[in-house]
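What follows is the content of work-v3.txt, which has compact mmCIF, C-alpha atoms:
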```txt
# COMPACT_ATOMS: atom_id res chain seq x y z
CA MET A 27 12.21 -44.14 11.02
CA ALA A 28 11.30 -41.70 8.27
CA ILE A 29 12.74 -38.20 8.25
CA THR A 30 10.18 -35.39 7.99
CA ILE A 31 11.23 -31.89 6.88
CA ARG A 32 9.10 -28.88 7.78
CA GLN A 33 9.32 -25.13 8.10
CA ALA A 34 10.27 -23.92 11.56
CA THR A 35 7.72 -22.05 13.65
CA VAL A 36 8.11 -19.74 16.63
CA GLU A 37 7.51 -22.74 18.91
CA ASP A 38 10.78 -24.20 17.62
CA ALA A 39 12.81 -21.28 19.04
CA PRO A 40 14.33 -23.24 21.98
CA PHE A 41 15.51 -26.04 19.68
CA LEU A 42 16.82 -23.58 17.11
CA ALA A 43 18.73 -21.75 19.84
CA ARG A 44 20.46 -24.99 20.88
CA MET A 45 21.41 -25.80 17.30
CA ILE A 46 22.65 -22.27 16.59
CA LEU A 47 24.90 -22.41 19.65
CA GLN A 48 26.10 -25.91 18.77
CA SER A 49 26.95 -24.76 15.26
CA SER A 50 28.73 -21.60 16.39
CA ARG A 51 30.91 -23.48 18.84
CA ALA A 52 31.64 -26.31 16.37
CA GLY A 53 33.81 -28.23 18.80
CA LYS A 54 35.47 -25.07 20.14
CA LYS A 55 35.27 -23.93 23.75
CA GLU A 56 33.82 -20.61 22.62
CA GLY A 57 31.97 -19.40 19.54
CA ILE A 58 30.75 -16.07 18.22
CA PHE A 59 27.76 -15.95 20.56
CA ASP A 60 29.89 -16.56 23.65
CA LEU A 61 31.81 -13.48 22.54
CA LEU A 62 28.74 -11.39 21.72
CA PHE A 63 26.82 -12.17 24.89
CA ALA A 64 29.99 -11.96 27.02
CA THR A 65 29.36 -15.21 28.88
CA ASN A 66 30.17 -18.91 28.69
CA ASN A 67 26.95 -19.80 30.48
CA THR A 68 25.18 -22.04 28.00
CA ASP A 69 21.71 -21.53 29.47
CA ALA A 70 22.08 -17.75 29.41
CA ILE A 71 23.26 -17.77 25.78
CA ILE A 72 20.38 -20.04 24.76
CA GLU A 73 17.88 -17.66 26.38
CA SER A 74 19.34 -14.79 24.36
CA LEU A 75 19.35 -16.87 21.16
CA ILE A 76 15.68 -17.80 21.68
CA LYS A 77 14.93 -14.07 21.61
CA LEU A 78 17.26 -13.56 18.62
CA THR A 79 15.26 -16.01 16.51
CA GLN A 80 12.14 -13.87 17.01
CA THR A 81 13.32 -10.28 16.53
CA GLU A 82 11.60 -7.73 14.31
CA ALA A 83 14.82 -7.40 12.32
CA LYS A 84 14.91 -10.48 10.08
CA SER A 85 18.54 -11.54 10.54
CA HIS A 86 19.85 -14.88 9.31
CA CYS A 87 19.07 -16.24 12.80
CA HIS A 88 15.32 -15.60 12.45
CA TYR A 89 13.20 -18.70 12.83
CA LYS A 90 11.48 -18.17 9.47
CA ASN A 91 14.78 -18.95 7.71
CA PHE A 92 14.99 -22.46 9.19
CA LEU A 93 13.89 -25.93 8.23
CA ILE A 94 13.49 -28.57 10.93
CA ALA A 95 14.13 -32.27 10.47
CA SER A 96 12.01 -34.57 12.64
CA MET A 97 12.06 -38.29 13.30
CA ASP A 98 9.18 -39.99 15.12
CA GLY A 99 7.92 -36.56 16.20
CA LYS A 100 11.27 -35.47 17.66
CA SER A 101 13.22 -32.51 16.26
CA VAL A 102 16.66 -33.81 15.31
CA GLY A 103 18.23 -31.29 12.93
CA THR A 104 18.19 -27.80 11.43
CA LEU A 105 19.28 -25.94 8.34
CA CYS A 106 19.07 -22.19 7.83
CA SER A 107 18.86 -20.66 4.35
CA TYR A 108 18.79 -16.92 3.80
CA GLU A 109 19.25 -14.25 1.17
CA PRO A 110 22.35 -12.10 1.88
CA ARG A 111 20.69 -9.11 0.21
CA ILE A 112 18.03 -9.22 2.96
CA ALA A 113 19.80 -10.71 6.00
CA THR A 114 22.77 -8.34 5.93
CA ASN A 115 25.38 -7.71 8.61
CA GLU A 116 23.50 -4.51 9.43
CA THR A 117 20.31 -6.50 9.97
CA PHE A 118 22.21 -8.84 12.29
CA ILE A 119 23.41 -5.87 14.33
CA GLU A 120 19.84 -4.55 14.55
CA ALA A 121 18.59 -7.94 15.76
CA LEU A 122 21.34 -8.16 18.36
CA SER A 123 20.44 -4.68 19.60
CA GLU A 124 16.82 -5.83 20.06
CA VAL A 125 17.93 -8.54 22.48
CA GLY A 126 20.16 -6.19 24.47
CA CYS A 127 23.52 -6.99 22.90
CA THR A 128 25.31 -3.71 22.25
CA GLU A 129 29.04 -4.53 22.23
CA PHE A 130 29.77 -5.01 18.54
CA ASP A 131 33.33 -3.70 18.09
CA GLU A 132 35.08 -7.08 17.98
CA LEU A 133 32.29 -8.61 15.88
CA LEU A 134 32.46 -5.79 13.33
CA THR A 135 36.25 -6.14 13.11
CA ILE A 136 35.96 -9.89 12.54
CA LEU A 137 33.23 -9.41 9.92
CA GLU A 138 35.40 -6.86 8.13
CA GLU A 139 38.52 -9.05 8.21
CA CYS A 140 36.63 -12.15 7.03
CA ASP A 141 34.28 -10.47 4.55
CA PHE A 142 33.84 -12.41 1.30
CA LYS A 143 31.77 -9.71 -0.48
CA LEU A 144 28.93 -12.17 -0.99
CA ASN A 145 27.06 -12.26 -4.27
CA LYS A 146 23.58 -10.96 -3.51
CA ARG A 147 22.08 -13.34 -6.07
CA THR A 148 23.11 -16.46 -4.14
CA LEU A 149 21.35 -18.32 -1.36
CA MET A 150 23.36 -18.83 1.82
CA PHE A 151 23.22 -21.88 4.09
CA ASP A 152 24.09 -21.85 7.79
CA PHE A 153 23.48 -23.71 11.07
CA MET A 154 23.32 -27.16 9.45
CA GLU A 155 23.23 -29.25 12.61
CA GLU A 156 21.87 -32.50 13.97
CA LEU A 157 21.48 -33.95 17.44
CA GLU A 158 24.11 -36.33 18.71
CA GLY A 159 22.84 -39.84 18.14
CA PHE A 160 21.32 -39.04 14.76
CA ILE A 161 24.55 -38.68 12.77
CA ASP A 162 24.79 -40.64 9.50
CA VAL A 163 21.07 -41.46 9.30
CA GLY A 164 20.47 -38.95 6.49
CA VAL A 165 19.15 -35.98 8.47
CA LEU A 166 21.47 -33.34 6.99
CA LYS A 167 21.18 -34.71 3.46
CA ALA A 168 17.37 -34.58 3.67
CA LEU A 169 17.50 -30.98 4.93
CA MET A 170 19.85 -29.92 2.14
CA GLN A 171 17.81 -31.64 -0.58
CA LYS A 172 14.66 -29.86 0.59
CA SER A 173 16.45 -26.51 0.81
CA LEU A 174 17.91 -26.82 -2.71
CA LEU A 175 14.49 -27.75 -4.10
CA THR A 176 12.98 -24.65 -2.49
CA ALA A 177 15.88 -22.53 -3.78
CA ARG A 178 15.26 -23.72 -7.35
CA LEU A 179 11.60 -22.79 -7.06
CA LYS A 180 12.68 -19.29 -5.98
CA GLY A 181 14.89 -18.98 -9.06
CA TYR A 182 18.28 -19.47 -7.41
CA THR A 183 21.01 -21.42 -9.19
CA ILE A 184 23.91 -20.90 -6.77
CA ALA A 185 24.10 -21.74 -3.06
CA GLN A 186 26.99 -20.96 -0.74
CA THR A 187 28.05 -21.55 2.84
CA ILE A 188 30.87 -20.38 5.11
CA ILE A 189 32.78 -22.79 7.35
CA GLU A 190 35.90 -22.52 9.46
CA ILE A 191 39.30 -23.38 8.02
CA GLY A 192 40.19 -26.79 9.40
CA SER A 193 36.57 -27.99 9.72
CA LEU A 194 37.46 -31.13 7.78
CA GLU A 195 34.30 -33.04 8.66
CA ASN A 196 32.04 -30.18 7.53
CA GLN A 197 34.12 -29.64 4.40
CA LEU A 198 33.92 -33.34 3.49
CA PHE A 199 30.15 -33.38 4.00
CA TYR A 200 29.61 -30.33 1.82
CA LYS A 201 31.96 -31.81 -0.81
CA LYS A 202 29.72 -34.88 -0.98
CA LEU A 203 26.81 -32.52 -1.66
CA GLY A 204 28.67 -30.90 -4.55
CA PHE A 205 30.12 -27.83 -2.82
CA LYS A 206 33.63 -26.61 -3.69
CA VAL A 207 35.93 -24.16 -1.88
CA VAL A 208 35.94 -20.91 -3.87
CA ALA A 209 37.62 -18.52 -1.42
CA GLN A 210 39.51 -18.51 1.88
CA LYS A 211 40.23 -15.77 4.39
CA GLU A 212 42.81 -16.14 7.15
CA CYS A 213 42.01 -13.71 9.96
CA GLU A 214 44.35 -13.01 12.86
CA LEU A 215 41.60 -11.80 15.20
CA TYR A 216 39.48 -14.85 14.40
CA LYS A 217 42.42 -17.10 15.22
CA GLU A 218 43.06 -15.18 18.43
CA LYS A 219 39.45 -15.44 19.58
CA PHE A 220 38.48 -18.90 18.39
CA GLY A 221 41.66 -20.81 17.69
CA ARG A 222 40.85 -21.33 14.00
CA ASN A 223 42.80 -19.70 11.17
CA GLY A 224 39.78 -18.14 9.53
CA LEU A 225 36.94 -18.98 7.17
CA MET A 226 36.28 -20.68 3.82
CA LEU A 227 33.54 -19.91 1.32
CA LEU A 228 32.04 -22.96 -0.39
CA SER A 229 29.74 -22.84 -3.40
CA THR A 230 27.60 -25.11 -5.57
CA GLU A 231 25.56 -24.60 -8.73
CA PHE A 232 22.35 -26.53 -9.24
```
Since I need it in another form, could you write the structure as structure tokens?
Amino acid sequence: MAITIRQATVEDAPFLARMILQSSRAGKKEGIFDLLFATNNTDAIIESLIKLTQTEAKSHCHYKNFLIASMDGKSVGTLCSYEPRIATNETFIEALSEVGCTEFDELLTILEECDFKLNKRTLMFDFMEELEGFIDVGVLKALMQKSLLTARLKGYTIAQTIIEIGSLENQLFYKKLGFKVVAQKECELYKEKFGRNGLMLLSTEF
């Protein structure tokens, strides 16, 4: 079956919410959104994430930042690309406030500890996910190729992403796409909350 890549629409919000949560947990029992929404109830978190993809504040979670991969009419994968000069941490906080999330202290501490001082002239990738059962059929590669093509048309020459230290599968996949580790931050609070030592910044020029 052929893979079709398209821009996400507001109707994709439920699927995007599932992929955002899947990405944030990344094999862990809890991820950042479990912490933010103070619950482990998957359905409740997804409902909040559906709202988060549609807020007035255009955070990196906004649906307009996403591409959707489809096969035979079924949505099977996502990739978010955003400009850090627009989708800032402050914008993320505003978006969270819109959906009723107001407890930011731990999040702000984690963001401060793990801050890479991102170059505002780069394009960031996030939430690169695919449904179970569609691994290794080219979904993520197709999403990335489309995103890089769009980035070139916008004048970008550098793309970056942030993954957890120890995410060997993700790191290997990005390496195959030409990304290299350029910085690493070990964060005690991150390790305490999520069981991972911290974050890595990966970058590629194209």
Checklist entry - For Gly99 (chain A), which of A:Lys167, A:Ile191, A:Leu175, A:Ile31 is the closest residue, counting only C-alpha atoms? => result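 Nearest candidate to Gly99 (chain A) out of A:Lys167, A:Ile191, A:Leu175, A:Ile31: A:Ile31.
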Show me a table, sorted first by chain and then by increasing residue number, of the residues of region 128-153 of chain A having an atom at most 12 Å from region 75-93 of chain A, each with its shortest atom pair and the distance in Å to one decimal, counting all atoms listed in the file and written as CSV.
```
residue,atom,partner,partner_atom,distance
A:Leu149,CA,A:Asn91,CA,11.2
A:Met150,CA,A:His86,CA,9.2
A:Phe151,CA,A:His86,CA,9.4
A:Asp152,CA,A:His86,CA,8.3
A:Phe153,CA,A:Phe92,CA,8.8
```
For the residues selected in the previous step, produce a file with C-alpha atoms as a JSON list (two decimals), keeping the file's coordinate frame.
```json
[["chain", "number", "residue", "atom", "x", "y", "z"],
["A", 149, "LEU", "CA", 21.35, -18.32, -1.36],
["A", 150, "MET", "CA", 23.36, -18.83, 1.82],
["A", 151, "PHE", "CA", 23.22, -21.88, 4.09],
["A", 152, "ASP", "CA", 24.09, -21.85, 7.79],
["A", 153, "PHE", "CA", 23.48, -23.71, 11.07]]
```
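Relative to CA of Leu203 (chain A), CA of Glu158 (chain A) is found at 20.9 Å.
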If the box runs along x, y and z of the file and leaves 3 Å on each side of region 35-42 of chain A, what are its centre and edge lengths in Å, one decimal, as JSON?
```
{"center_x": 12.2, "center_y": -22.9, "center_z": 17.8, "size_x": 15.3, "size_y": 12.3, "size_z": 14.3}
```
Could the residues of region 75-188 of chain A that have an atom at most 10 Å from region 208-220 of chain A be listed as a Markdown table, each with its closest atom pair and the distance in Å to one decimal, counting only C-alpha atoms and ordered by chain and ascending residue number?
```
| residue | atom | partner | partner_atom | distance |
| --- | --- | --- | --- | --- |
| A:Glu132 | CA | A:Leu215 | CA | 8.5 |
| A:Leu133 | CA | A:Tyr216 | CA | 9.6 |
| A:Thr135 | CA | A:Leu215 | CA | 8.1 |
| A:Ile136 | CA | A:Tyr216 | CA | 6.4 |
| A:Leu137 | CA | A:Tyr216 | CA | 9.4 |
| A:Glu138 | CA | A:Cys213 | CA | 9.7 |
| A:Glu139 | CA | A:Cys213 | CA | 6.1 |
| A:Cys140 | CA | A:Lys211 | CA | 5.7 |
| A:Asp141 | CA | A:Lys211 | CA | 8.0 |
| A:Phe142 | CA | A:Ala209 | CA | 7.7 |
| A:Gln186 | CA | A:Val208 | CA | 9.5 |
| A:Ile188 | CA | A:Gln210 | CA | 9.4 |
```
